[in-house]
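To start, the structure itself, in structure tokens.
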Amino acid sequence: MENTDLQTLWVYLSTSPLTGLTITLVAYLIAYTLHRKTGTHPLTNTVLVSVVLLILMLEITDTEYATYFEGAQFIHFLLGPVTVALAIPLFQQFAQVKRLFIPIILSMVTGIVVGTISVLFIAKLLGADLATQISLSARSVTAPVAMGIAEKIGGIPSLTAVLAVLTGIIGAVIGTQYLNLLNIKDNSVKGIAIGNSSHGIGTARAFTLNTTMGAFAGLSMALAALLNALLLPWLVKAFLIVSG
């Protein structure tokens with residue numbers, strides 16, 4: 001088949017809503033297979049590989065993201081039910097969650113305060129403008145919530161979404177290795193740290209390693225969204241007052 005025929009075929013297929021869904025599933029299948037073949041190595045994280053494959057596909061075919069998303073939005077819709085489904089393994093760990101609830105809240109608040117102030121300070125030190133500093137402050141929240149927070153406190157929602165995804169991928173790739181280097185062995189503690197810092201993508205990685213870790217990461221991800229929504233506006237305001 002000649003190149004012109006292939007281009008004509010792609011133009012036809014790209015108008016079908018099922019095309020975006022299909023190439024997303026194919027990309028994930030390839031990424032998942034690679035992840036399993038490498039012994040679930042963190043560098044072959046399925047989200048990371050899938051994103052790279054999809055970007056290459058859209059670039060090669062010169063397809064607009066909006067056109068692709070018309071078909072892929074069904075997967076986007078499933079994010080809601082999947083998030084709710086995290087309650088099942090969490091319920092199975094309910095006794096332990098109840099016992100550790102106060103330490104969990106205290107550790108998460110500490111992590112949010114330290115993480116937010118440090119990223120704002122580093123961004124300012126490196127010369128980032130105010131909008132970028134604020135956008136960075138919400139990077140450790142799941143993307144839909146992060147975008148809403150950024151919009152309310154003067155950040156750039158689209159930039160925050162990209163930073164949130166990057167944070168999640170980085171956390172999924174190196175998070176557990178870093179915690180192992182710190183000699184942290186309790187899976188519930190690992191889960192809280194991963195969920196609080198790398199939200200959904202990190203939580204997905206945690207579930208592939210240990211059910212308890214995944215359950216606590218899911219809890220941490222949900223609490224992080226709530227606590228960040230409450231604390232970030234005040235933390236950013238306090239930083240701006242102190243830093244001038």
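To be explicit about the labels: the chains of the structure tokens are called A, B, and onward in the order shown, and within each one the residues are counted from 1, while ligands get numbers from 1 in the order they are shown.
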Discussion item. List the spatial neighbours of segment 156-160 of chain A as a PyMOL selection string - criterion: any atom at most 6 Å away, only C-alpha atoms, same-chain residues fewer than 3 positions off excluded.
Written reply: chain A and resi 135+147+150-151+163-164
Discussion item. List the spatial neighbours of Leu34 of chain A as an MDAnalysis selection string - criterion: any atom at most 7 Å away, only C-alpha atoms, same-chain residues fewer than 4 positions off excluded.
Written reply: chainID A and resid 30 38 44
Practice prompt. Might you pull out every residue within 12 Å of Val242 of chain A, with only C-alpha atoms counted and same-chain residues fewer than 6 positions away left off, and present them as a ChimeraX atom specification?
Written response: /A:117,120-121,235-236
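For Ile112 of chain A, the residues within 9 Å (counting only C-alpha atoms, excluding itself and residues fewer than 3 positions away along the chain) are Ser107, Met108, Val109, Gly115, Thr116, Ile117, Ser140, Asn196, Ser197, Ala224, Leu227, Asn228, Leu231 and Leu232 of chain A.
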Residues of segment 125-228 of chain A that approach segment 51-74 of chain A to 12 Å or less, counting only C-alpha atoms: could you list each one with the shortest pair of atoms and its distance in Å to one decimal, rows by chain and increasing residue number, as a Markdown table?
| residue | atom | partner | partner_atom | distance |
| --- | --- | --- | --- | --- |
| A:Val162 | CA | A:Val51 | CA | 12.0 |
| A:Val165 | CA | A:Val51 | CA | 10.3 |
| A:Leu166 | CA | A:Val51 | CA | 10.9 |
| A:Ile169 | CA | A:Val51 | CA | 10.3 |
